[in-house]
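**Student:** So here's coords04.cif, just mmCIF, C-alpha atoms:
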```
data_target
#
loop_
_atom_site.label_atom_id
_atom_site.label_comp_id
_atom_site.auth_asym_id
_atom_site.auth_seq_id
_atom_site.Cartn_x
_atom_site.Cartn_y
_atom_site.Cartn_z
CA MET L 1 14.73 3.10 25.02
CA ILE L 2 15.79 6.62 24.23
CA PRO L 3 18.36 7.52 21.57
CA ALA L 4 21.39 9.65 22.38
CA GLN L 5 21.05 13.38 21.79
CA PHE L 6 21.43 14.81 18.32
CA ASP L 7 20.71 17.91 16.28
CA TYR L 8 17.93 17.67 13.74
CA HIS L 9 17.58 19.35 10.37
CA ALA L 10 14.73 18.99 7.88
CA PRO L 11 15.88 20.45 4.55
CA ARG L 12 13.30 21.10 1.83
CA SER L 13 15.61 20.54 -1.12
CA LEU L 14 18.42 18.22 -2.15
CA ASP L 15 20.89 21.09 -2.46
CA GLU L 16 20.09 22.18 1.09
CA ALA L 17 20.54 18.59 2.32
CA ILE L 18 23.94 18.29 0.65
CA ALA L 19 25.02 21.64 2.06
CA LEU L 20 24.08 20.38 5.53
CA LEU L 21 26.10 17.19 4.96
CA ARG L 22 29.12 19.34 4.06
CA GLN L 23 28.63 21.45 7.17
CA HIS L 24 28.24 18.58 9.63
CA GLU L 25 30.85 15.87 9.50
CA GLY L 26 29.44 12.52 10.56
CA ALA L 27 25.82 13.54 10.00
CA LYS L 28 23.44 10.73 9.06
CA VAL L 29 20.66 10.94 6.50
CA LEU L 30 17.24 9.96 7.86
CA ALA L 31 14.87 8.54 5.24
CA GLY L 32 12.23 5.99 6.33
CA GLY L 33 14.17 5.46 9.54
CA GLN L 34 13.04 1.88 9.94
CA SER L 35 16.63 0.64 10.30
CA LEU L 36 18.32 3.80 11.59
CA ILE L 37 15.90 4.61 14.41
CA PRO L 38 15.99 1.07 15.89
CA ALA L 39 19.81 1.25 15.74
CA MET L 40 19.69 4.63 17.50
CA ARG L 41 17.36 3.30 20.19
CA PHE L 42 19.89 0.59 20.96
CA ARG L 43 22.61 3.25 20.69
CA LEU L 44 24.34 1.12 18.09
CA ALA L 45 24.22 4.35 16.10
CA GLN L 46 24.76 7.73 17.80
CA PRO L 47 24.93 10.32 15.05
CA GLU L 48 25.37 13.86 16.34
CA VAL L 49 23.32 15.28 13.50
CA LEU L 50 20.35 13.87 11.60
CA ILE L 51 19.34 15.25 8.23
CA ASP L 52 15.74 14.26 7.62
CA ILE L 53 15.09 14.07 3.86
CA ASN L 54 11.41 13.12 4.15
CA GLY L 55 10.39 16.66 3.25
CA ILE L 56 12.16 16.52 -0.14
CA ALA L 57 9.24 15.58 -2.37
CA GLN L 58 11.44 15.55 -5.50
CA LEU L 59 12.94 12.24 -4.27
CA ASP L 60 9.65 10.34 -4.33
CA TYR L 61 8.70 8.94 -7.77
CA ILE L 62 8.31 5.77 -9.81
CA LYS L 63 8.65 6.25 -13.57
CA GLU L 64 9.98 4.63 -16.72
CA ARG L 65 12.31 6.73 -18.83
CA GLY L 66 15.10 6.07 -21.33
CA GLY L 67 15.07 2.28 -21.13
CA HIS L 68 14.96 2.01 -17.36
CA LEU L 69 12.69 2.22 -14.36
CA ALA L 70 13.68 5.15 -12.18
CA LEU L 71 12.85 5.00 -8.48
CA GLY L 72 13.32 8.07 -6.34
CA ALA L 73 15.27 7.20 -3.22
CA LEU L 74 12.30 8.06 -0.99
CA THR L 75 9.93 5.63 -2.71
CA ARG L 76 8.16 3.72 0.07
CA GLU L 77 7.80 -0.05 -0.07
CA THR L 78 4.01 0.41 0.05
CA ALA L 79 4.19 2.57 -3.08
CA LEU L 80 6.01 -0.23 -4.89
CA GLU L 81 3.38 -2.73 -3.71
CA GLU L 82 0.56 -0.52 -4.99
CA SER L 83 2.09 0.56 -8.32
CA PRO L 84 0.35 -0.89 -11.42
CA LEU L 85 3.56 -0.34 -13.42
CA ILE L 86 5.61 -2.45 -11.00
CA ALA L 87 2.91 -5.15 -10.95
CA GLU L 88 2.85 -5.24 -14.76
CA ARG L 89 6.56 -5.29 -15.55
CA TYR L 90 8.75 -5.74 -12.49
CA ALA L 91 7.72 -8.95 -10.76
CA LEU L 92 11.05 -9.36 -8.97
CA LEU L 93 10.73 -5.90 -7.45
CA LEU L 94 7.11 -6.50 -6.42
CA ASP L 95 8.01 -9.85 -4.82
CA THR L 96 10.71 -8.07 -2.84
CA ALA L 97 8.64 -5.10 -1.68
CA LYS L 98 5.96 -7.46 -0.38
CA VAL L 99 8.32 -9.29 1.99
CA VAL L 100 10.32 -6.40 3.43
CA ALA L 101 9.73 -6.37 7.21
CA ASP L 102 5.96 -6.06 7.86
CA PRO L 103 3.08 -4.02 6.39
CA LEU L 104 3.41 -1.23 8.96
CA VAL L 105 7.15 -0.83 8.51
CA ARG L 106 6.63 -0.80 4.72
CA GLN L 107 4.50 2.34 5.03
CA ARG L 108 7.62 4.31 5.93
CA ALA L 109 10.56 2.18 4.79
CA THR L 110 12.20 3.40 1.59
CA VAL L 111 13.95 1.52 -1.19
CA GLY L 112 16.82 4.03 -1.12
CA GLY L 113 17.35 3.49 2.59
CA ASN L 114 17.21 -0.26 2.16
CA LEU L 115 20.20 -0.01 -0.21
CA ALA L 116 22.14 2.79 1.46
CA HIS L 117 22.08 0.91 4.78
CA ALA L 118 24.09 -1.82 2.95
CA ASP L 119 22.86 -4.53 5.29
CA PRO L 120 23.33 -7.97 3.67
CA ALA L 121 20.15 -9.03 5.51
CA ASN L 122 18.08 -6.42 3.68
CA ASP L 123 16.08 -7.63 0.69
CA HIS L 124 16.62 -5.00 -2.02
CA PRO L 125 20.39 -5.44 -2.33
CA ALA L 126 20.01 -8.98 -3.75
CA THR L 127 17.18 -7.81 -5.99
CA MET L 128 19.13 -4.86 -7.39
CA LEU L 129 22.15 -7.11 -7.95
CA ALA L 130 19.91 -9.47 -9.93
CA TYR L 131 18.51 -6.59 -11.96
CA GLY L 132 21.96 -5.13 -12.65
CA ALA L 133 20.64 -1.81 -11.36
CA GLN L 134 22.46 1.49 -11.07
CA VAL L 135 22.47 3.82 -8.09
CA VAL L 136 22.60 7.59 -8.55
CA ALA L 137 24.41 9.56 -5.87
CA ARG L 138 24.62 13.32 -5.46
CA GLY L 139 27.18 15.23 -3.46
CA PRO L 140 29.02 18.55 -3.45
CA ALA L 141 30.89 17.56 -6.65
CA GLY L 142 27.66 16.78 -8.50
CA GLU L 143 25.99 13.59 -9.58
CA ARG L 144 27.50 10.20 -10.35
CA VAL L 145 26.16 6.83 -11.33
CA ILE L 146 27.39 3.74 -9.46
CA GLU L 147 26.92 0.24 -10.85
CA ILE L 148 25.25 -1.93 -8.22
CA ASP L 149 28.06 -4.48 -8.58
CA ASN L 150 30.41 -1.82 -7.16
CA PHE L 151 28.02 -0.41 -4.56
CA PHE L 152 28.29 -2.80 -1.59
CA THR L 153 31.84 -2.53 -0.27
CA GLY L 154 31.50 -4.15 3.15
CA LEU L 155 29.19 -4.99 6.01
CA PHE L 156 27.00 -1.86 6.35
CA GLU L 157 29.41 -0.11 4.00
CA SER L 158 28.65 1.26 0.56
CA ALA L 159 30.40 3.25 -2.14
CA LEU L 160 28.52 6.39 -1.05
CA GLY L 161 30.82 9.16 0.12
CA PRO L 162 30.18 10.83 3.49
CA GLN L 163 28.73 13.90 1.76
CA GLU L 164 26.70 12.03 -0.83
CA ILE L 165 23.02 11.17 -0.86
CA LEU L 166 21.56 8.27 -2.77
CA THR L 167 18.94 9.94 -4.97
CA GLU L 168 17.73 7.39 -7.49
CA ILE L 169 17.81 3.71 -8.42
CA ARG L 170 17.71 2.72 -12.10
CA ILE L 171 16.52 -0.72 -13.10
CA PRO L 172 16.98 -1.78 -16.74
CA ALA L 173 13.57 -2.22 -18.39
CA PRO L 174 13.06 -5.95 -19.01
CA GLY L 175 13.30 -6.98 -22.67
CA PRO L 176 11.37 -9.74 -24.45
CA GLY L 177 11.72 -13.15 -22.82
CA SER L 178 12.71 -11.63 -19.46
CA ALA L 179 11.24 -12.19 -16.02
CA GLY L 180 12.30 -12.43 -12.42
CA ALA L 181 11.37 -13.63 -8.94
CA TYR L 182 12.37 -13.17 -5.32
CA LEU L 183 11.91 -15.90 -2.76
CA LYS L 184 12.64 -15.35 0.92
CA ILE L 185 12.51 -17.89 3.70
CA GLU L 186 11.68 -16.18 6.99
CA ARG L 187 10.77 -17.64 10.35
CA LYS L 188 8.00 -15.12 10.77
CA VAL L 189 6.78 -11.86 9.25
CA GLY L 190 9.19 -9.07 10.08
CA ASP L 191 12.25 -11.26 10.57
CA TYR L 192 15.31 -11.11 8.37
CA ALA L 193 15.72 -13.86 5.78
CA VAL L 194 17.14 -17.24 6.69
CA THR L 195 18.07 -17.08 3.03
CA GLY L 196 16.68 -15.19 0.07
CA VAL L 197 17.27 -15.50 -3.65
CA ALA L 198 16.60 -12.90 -6.35
CA VAL L 199 16.64 -14.04 -9.98
CA GLN L 200 16.29 -12.07 -13.21
CA LEU L 201 16.67 -14.03 -16.44
CA THR L 202 16.12 -13.84 -20.18
CA LEU L 203 15.08 -16.92 -22.16
CA THR L 204 15.30 -17.65 -25.86
CA GLY L 205 12.99 -20.59 -26.29
CA ASN L 206 14.17 -23.11 -23.73
CA ILE L 207 17.67 -21.67 -23.47
CA CYS L 208 18.72 -19.32 -20.68
CA LYS L 209 20.29 -16.46 -22.60
CA SER L 210 21.29 -14.51 -19.51
CA ILE L 211 20.71 -14.73 -15.79
CA ARG L 212 21.69 -12.78 -12.68
CA ILE L 213 21.22 -14.17 -9.19
CA GLY L 214 21.46 -12.20 -5.94
CA LEU L 215 21.55 -13.73 -2.44
CA THR L 216 20.19 -12.28 0.82
CA ASN L 217 21.68 -12.73 4.29
CA VAL L 218 24.05 -15.61 3.53
CA ASN L 219 27.23 -13.55 3.17
CA PRO L 220 28.94 -10.64 4.97
CA THR L 221 28.01 -8.45 1.98
CA PRO L 222 25.16 -8.71 -0.52
CA MET L 223 26.42 -11.01 -3.27
CA ARG L 224 25.79 -12.44 -6.70
CA ALA L 225 25.99 -16.18 -7.26
CA LEU L 226 28.41 -15.75 -10.16
CA GLU L 227 29.37 -19.42 -10.59
CA ALA L 228 25.73 -20.43 -10.63
CA GLU L 229 24.97 -17.73 -13.20
CA ALA L 230 27.84 -18.99 -15.41
CA ARG L 231 26.62 -22.59 -15.08
CA LEU L 232 23.15 -21.66 -16.38
CA THR L 233 24.02 -19.10 -19.04
CA GLY L 234 23.56 -20.51 -22.54
CA GLN L 235 22.06 -23.73 -21.16
CA ALA L 236 18.65 -25.34 -21.15
CA LEU L 237 17.15 -25.08 -17.66
CA THR L 238 17.09 -28.79 -16.92
CA ASP L 239 16.74 -30.18 -13.41
CA ASP L 240 20.38 -31.30 -13.59
CA ALA L 241 21.62 -27.85 -14.59
CA LEU L 242 19.60 -26.22 -11.80
CA GLU L 243 20.88 -28.68 -9.22
CA ALA L 244 24.47 -28.05 -10.28
CA ALA L 245 23.93 -24.28 -10.18
CA GLY L 246 22.24 -24.52 -6.78
CA ARG L 247 25.24 -26.37 -5.40
CA LEU L 248 27.57 -23.71 -6.79
CA ALA L 249 25.54 -20.96 -5.10
CA ALA L 250 25.52 -22.91 -1.83
CA SER L 251 29.30 -23.27 -1.81
CA ALA L 252 29.99 -19.69 -2.96
CA CYS L 253 28.08 -17.99 -0.14
CA SER L 254 29.35 -17.66 3.41
CA PRO L 255 26.48 -17.66 5.89
CA SER L 256 27.02 -17.39 9.63
CA ALA L 257 25.32 -19.68 12.10
CA ASP L 258 22.71 -17.97 14.27
CA LEU L 259 19.23 -18.51 15.71
CA ARG L 260 17.93 -18.92 12.17
CA GLY L 261 20.04 -21.99 11.51
CA SER L 262 23.47 -23.53 11.10
CA GLU L 263 25.82 -22.65 8.29
CA GLU L 264 25.15 -26.03 6.60
CA TYR L 265 21.39 -25.54 6.82
CA LYS L 266 21.55 -22.07 5.30
CA ARG L 267 23.75 -23.27 2.46
CA ASP L 268 21.44 -26.14 1.66
CA LEU L 269 18.38 -23.94 1.89
CA THR L 270 20.05 -21.50 -0.51
CA ARG L 271 20.52 -24.37 -2.99
CA VAL L 272 16.85 -25.31 -2.79
CA VAL L 273 15.46 -21.77 -2.83
CA MET L 274 17.68 -20.81 -5.76
CA LYS L 275 16.23 -23.64 -7.84
CA ARG L 276 12.69 -22.61 -6.92
CA ALA L 277 13.35 -18.95 -7.71
CA VAL L 278 14.76 -19.81 -11.15
CA ARG L 279 11.74 -22.01 -11.89
CA LEU L 280 9.35 -19.28 -10.74
CA ALA L 281 11.10 -16.66 -12.89
CA GLN L 282 11.04 -19.07 -15.85
CA SER L 283 7.30 -19.64 -15.43
CA ARG L 284 6.74 -15.89 -15.56
CA VAL L 285 8.39 -15.37 -18.93
CA LYS L 286 5.49 -14.41 -21.17
CA GLY L 287 4.39 -17.15 -23.52
CA THR L 288 5.71 -20.02 -21.44
CA ASN L 289 2.56 -20.56 -19.42
CA MET S 1 20.90 18.76 21.37
CA SER S 2 18.18 20.55 19.54
CA LEU S 3 14.79 21.61 20.83
CA HIS S 4 11.97 22.09 18.37
CA GLU S 5 8.53 23.54 18.54
CA ILE S 6 6.09 21.29 16.74
CA SER S 7 2.48 21.84 15.87
CA LEU S 8 0.22 19.00 14.85
CA THR S 9 -3.39 17.93 14.84
CA VAL S 10 -3.99 15.26 17.48
CA ASN S 11 -7.37 13.52 17.35
CA GLY S 12 -8.89 16.61 15.76
CA ALA S 13 -7.33 19.29 17.99
CA VAL S 14 -4.26 21.38 17.17
CA VAL S 15 -1.45 20.92 19.68
CA THR S 16 1.78 22.94 19.91
CA LYS S 17 4.63 21.67 22.10
CA GLN S 18 8.39 21.80 22.48
CA VAL S 19 10.20 18.52 21.95
CA GLU S 20 13.76 17.31 22.03
CA ALA S 21 14.85 15.99 18.63
CA ARG S 22 15.45 12.54 20.10
CA THR S 23 11.94 12.18 21.57
CA LEU S 24 10.20 9.27 19.88
CA LEU S 25 6.63 9.89 18.79
CA VAL S 26 5.34 7.19 21.14
CA HIS S 27 6.97 8.88 24.15
CA PHE S 28 5.56 12.24 23.05
CA ILE S 29 2.07 10.72 22.80
CA ARG S 30 2.21 8.97 26.16
CA GLU S 31 4.20 11.42 28.25
CA ASN S 32 3.63 14.87 26.74
CA LEU S 33 0.10 14.42 25.44
CA GLU S 34 -0.78 11.98 28.25
CA LEU S 35 -2.62 9.72 25.84
CA THR S 36 -1.65 6.37 27.29
CA GLY S 37 -3.86 4.21 25.11
CA THR S 38 -0.95 3.87 22.72
CA HIS S 39 1.31 1.16 24.17
CA ILE S 40 5.01 0.42 24.09
CA GLY S 41 5.37 -3.33 23.68
CA CYS S 42 8.77 -4.28 22.34
CA ASP S 43 10.76 -1.12 21.63
CA THR S 44 12.27 -2.97 18.66
CA THR S 45 9.84 -2.12 15.81
CA SER S 46 8.46 -5.64 16.02
CA CYS S 47 5.15 -5.71 17.88
CA GLY S 48 2.95 -2.87 16.60
CA ALA S 49 1.36 -2.11 20.00
CA CYS S 50 2.35 1.54 19.40
CA THR S 51 0.57 1.80 16.02
CA VAL S 52 -1.07 5.16 15.33
CA LEU S 53 -2.31 6.79 12.14
CA LEU S 54 0.15 9.45 11.00
CA ASN S 55 -1.32 11.41 8.10
CA GLY S 56 -3.76 8.52 7.79
CA LYS S 57 -1.06 5.86 7.48
CA PRO S 58 -0.58 3.16 10.11
CA THR S 59 2.78 3.85 11.68
CA LYS S 60 4.82 2.31 14.48
CA SER S 61 5.15 5.38 16.67
CA CYS S 62 8.27 3.97 18.34
CA THR S 63 10.06 4.25 14.99
CA VAL S 64 9.52 7.88 14.14
CA PHE S 65 10.66 10.99 16.00
CA ALA S 66 8.04 13.38 17.35
CA VAL S 67 9.73 16.25 15.51
CA GLN S 68 8.95 14.44 12.26
CA ALA S 69 5.24 14.75 13.05
CA ASN S 70 5.39 18.54 12.79
CA GLN S 71 2.40 19.74 10.73
CA ALA S 72 1.02 16.19 10.59
CA THR S 73 -2.36 14.74 11.47
CA LEU S 74 -2.16 12.17 14.23
CA GLU S 75 -4.90 9.75 15.26
CA THR S 76 -4.54 7.56 18.33
CA VAL S 77 -6.82 4.89 19.74
CA GLU S 78 -8.50 7.55 21.92
CA SER S 79 -10.07 9.00 18.76
CA VAL S 80 -11.82 5.82 17.69
CA ALA S 81 -14.93 5.86 19.91
CA GLU S 82 -17.23 8.77 19.15
CA GLY S 83 -19.50 10.38 21.73
CA GLY S 84 -18.86 7.61 24.25
CA LYS S 85 -20.09 5.00 21.77
CA LEU S 86 -17.81 2.16 20.75
CA HIS S 87 -16.75 2.16 17.12
CA PRO S 88 -17.77 -0.97 15.14
CA ILE S 89 -14.13 -2.13 15.27
CA GLN S 90 -14.16 -1.89 19.06
CA GLN S 91 -17.55 -3.63 19.15
CA GLY S 92 -15.99 -6.41 17.06
CA PHE S 93 -13.14 -6.92 19.53
CA TRP S 94 -15.73 -6.93 22.38
CA GLU S 95 -18.25 -9.25 20.73
CA LYS S 96 -15.76 -11.71 19.24
CA HIS S 97 -13.36 -11.75 22.20
CA GLY S 98 -10.60 -10.27 20.04
CA LEU S 99 -8.50 -9.58 23.13
CA GLN S 100 -7.43 -11.26 26.32
CA CYS S 101 -4.81 -9.17 28.12
CA GLY S 102 -5.54 -6.25 25.80
CA PHE S 103 -2.01 -4.95 25.50
CA CYS S 104 -1.83 -5.28 21.71
CA THR S 105 -5.41 -4.07 21.18
CA PRO S 106 -4.79 -0.34 20.60
CA GLY S 107 -2.35 -1.17 17.82
CA MET S 108 -4.62 -3.86 16.40
CA ILE S 109 -7.52 -1.40 16.31
CA MET S 110 -5.54 1.34 14.56
CA THR S 111 -4.17 -1.12 11.99
CA THR S 112 -7.69 -2.47 11.45
CA LYS S 113 -9.02 1.04 10.95
CA SER S 114 -6.50 1.67 8.20
CA LEU S 115 -7.02 -1.78 6.69
CA LEU S 116 -10.80 -1.37 6.43
CA GLN S 117 -10.49 2.13 4.99
CA LYS S 118 -8.33 0.75 2.20
CA ASN S 119 -10.16 -2.53 1.77
CA PRO S 120 -13.70 -2.55 3.25
CA ARG S 121 -14.32 -6.23 2.42
CA PRO S 122 -11.04 -8.02 3.13
CA THR S 123 -10.74 -11.79 2.82
CA GLU S 124 -9.45 -13.76 5.79
CA ALA S 125 -6.04 -13.97 4.11
CA GLU S 126 -6.00 -10.20 3.56
CA ILE S 127 -6.87 -9.61 7.22
CA ARG S 128 -4.08 -11.93 8.37
CA GLU S 129 -1.61 -10.20 6.06
CA GLY S 130 -2.91 -6.77 7.12
CA ILE S 131 -2.34 -7.39 10.85
CA SER S 132 0.94 -9.29 10.38
CA GLY S 133 2.92 -6.32 11.73
CA ASN S 134 1.00 -6.51 15.02
CA ILE S 135 1.90 -9.22 17.48
CA CYS S 136 -0.58 -10.74 19.96
CA ARG S 137 0.68 -13.23 22.51
CA CYS S 138 -2.73 -14.28 23.86
CA THR S 139 -5.37 -14.95 21.26
CA GLY S 140 -3.66 -16.97 18.56
CA TYR S 141 -5.16 -14.35 16.22
CA ASN S 142 -8.30 -16.31 15.25
CA LYS S 143 -10.52 -14.17 17.45
CA ILE S 144 -8.89 -11.00 16.17
CA VAL S 145 -9.60 -12.06 12.60
CA GLU S 146 -13.23 -12.65 13.58
CA ALA S 147 -13.36 -9.23 15.23
CA VAL S 148 -12.12 -7.56 12.06
CA GLN S 149 -14.67 -9.51 9.98
CA TYR S 150 -17.40 -8.42 12.40
CA ALA S 151 -16.31 -4.79 12.03
CA ALA S 152 -16.20 -5.06 8.23
CA ASP S 153 -19.78 -6.43 8.25
CA LYS S 154 -21.02 -3.68 10.61
CA LEU S 155 -19.37 -0.92 8.64
CA GLY S 156 -20.75 -2.44 5.42
CA GLU S 157 -24.32 -2.38 6.82
CA ALA S 158 -23.91 1.26 7.77
CA ARG S 159 -22.97 2.28 4.23
#
```
What would the structure in this file look like if it were written as structure tokens?
**Tutor:**
Amino acid sequence: MIPAQFDYHAPRSLDEAIALLRQHEGAKVLAGGQSLIPAMRFRLAQPEVLIDINGIAQLDYIKERGGHLALGALTRETALEESPLIAERYALLLDTAKVVADPLVRQRATVGGNLAHADPANDHPATMLAYGAQVVARGPAGERVIEIDNFFTGLFESALGPQEILTEIRIPAPGPGSAGAYLKIERKVGDYAVTGVAVQLTLTGNICKSIRIGLTNVNPTPMRALEAEARLTGQALTDDALEAAGRLAASACSPSADLRGSEEYKRDLTRVVMKRAVRLAQSRVKGTN
Amino acid sequence: MSLHEISLTVNGAVVTKQVEARTLLVHFIRENLELTGTHIGCDTTSCGACTVLLNGKPTKSCTVFAVQANQATLETVESVAEGGKLHPIQQGFWEKHGLQCGFCTPGMIMTTKSLLQKNPRPTEAEIREGISGNICRCTGYNKIVEAVQYAADKLGEAR
């Protein structure tokens, strides 16, 4: 299958890329291309202009600074998988990177693209919601920081303006007693999730001081399980509390029936996987095992 | 529509060609370079039959534009055998019956090449994970895993 015709630009700097976005209304930014190019092959997307940012090396980095982990938008999934820093301190992010698509796709796929595509079936949206991350966007008017809770505005729609480029993701550095986990149920490697649950929590002794839970592919937009979070906050993580929270998450989401299962099945699986993800995150808090 | 002149190193030789922006790398390889060892299996970024090494990284060539390979180093399955002699990975697929219809084999071989460069002594689980982006509809994978193990052993002996 051959995509529709388009003009191609490969800027070498962010400023040049933003200038091109200003010049060409309706241009699309090409990062890893692992979602955009398949969509273009099917002609679900027919941008007239592509702005390939792969040549902008300043967008590719993983570093801790000022109380957060900063990921350049062009960071490849493989780079996350291979980073000692991520392995040491960001278990939720590592879990997620390992289950995005397949190992070949992860060579090119970027974390910035995974978010900017705003597909509720993608894995990083739930994870960044659980982390309470921030997204940095740059456009003609300069740079702004968007809270992840305000980033996903609709199906395949984000808070990014048409002339803005997502440049960085900021994940709060985990404090003492904190850990996370991502669990994804997939029919086979490379498929989207039947359901996926991202959890980041902080424990004080046996008590859950704070928790954020993100859900993958069970809602028209990436979502947090807010009622489940409220049910667990300030509580001991007993089986009863987890079951109640799992039920709240299952009723709050809105999955659609498809080849991966019925609505009821996906809700119930979300309940079960949420409980497992919380338990896994709990077991990873240092000093508890 | 934009036309671009690209220059890249293909299996050791520098090639310069004009391409349309929308030309996928796999079409460029098969139709412009006439290297038809690289296969198109699914056209949906699922099967990995089109896997090549782009700047040394295993890449689904149906999911990158040829223009993006400007100034890159490209290795296709045609580069694997040297001087008419099968590479140990190819010997492995031969000896262990790692193929039946053979359609997925070029992609499997390129993925294996990258896998063994990164991890010369992979466990069975690491092999299965490593080739999980390549689909085979014939073998059930067991024989492919054996082929990769055979190649790892052969390459280990040669070191």
**Student:** Return the single residue from L:Gly261, L:Gly234, L:Gly112, L:Gly32 that is closest to chain S, with distances computed using all atoms listed in the file.
**Tutor:**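 Ranking L:Gly261, L:Gly234, L:Gly112, L:Gly32 by distance to chain S, first place goes to L:Gly32.
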**Student:** Please report as JSON, numbers by chain which residues of chain L come no farther than 10 Å from chain S, using only C-alpha atoms.
**Tutor:** {"L": [1, 2, 3, 4, 5, 6, 7, 8, 9, 10, 32, 33, 34, 35, 36, 37, 38, 39, 40, 41, 42, 48, 49, 50, 52, 54, 55, 101, 102, 103, 104, 105, 106, 107, 108, 188, 189, 190, 191]}
**Student:** Check the smallest atom-to-atom distance from each of L:Ser251, L:Ser83, L:Gln200, L:Ser13 to Ala133 in chain L using all atoms listed in the file, then report the winner.
**Tutor:**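 Counting all atoms listed in the file, the residue closest to Ala133 in chain L is L:Gln200.
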**Student:** Counting all atoms listed in the file, figure out which residue out of S:Thr16, S:Thr105, S:Gln100, S:Gln90 gets nearest to Val52 in chain S.
**Tutor:**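 The closest residue to Val52 in chain S is S:Thr105.
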**Student:** Mind pulling up the distance from CA of Cys101 in chain S to CA of Leu33 in chain S?
**Tutor:**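 Interatomic distance, CA of Leu33 in chain S to CA of Cys101 in chain S: 24.2 Å.
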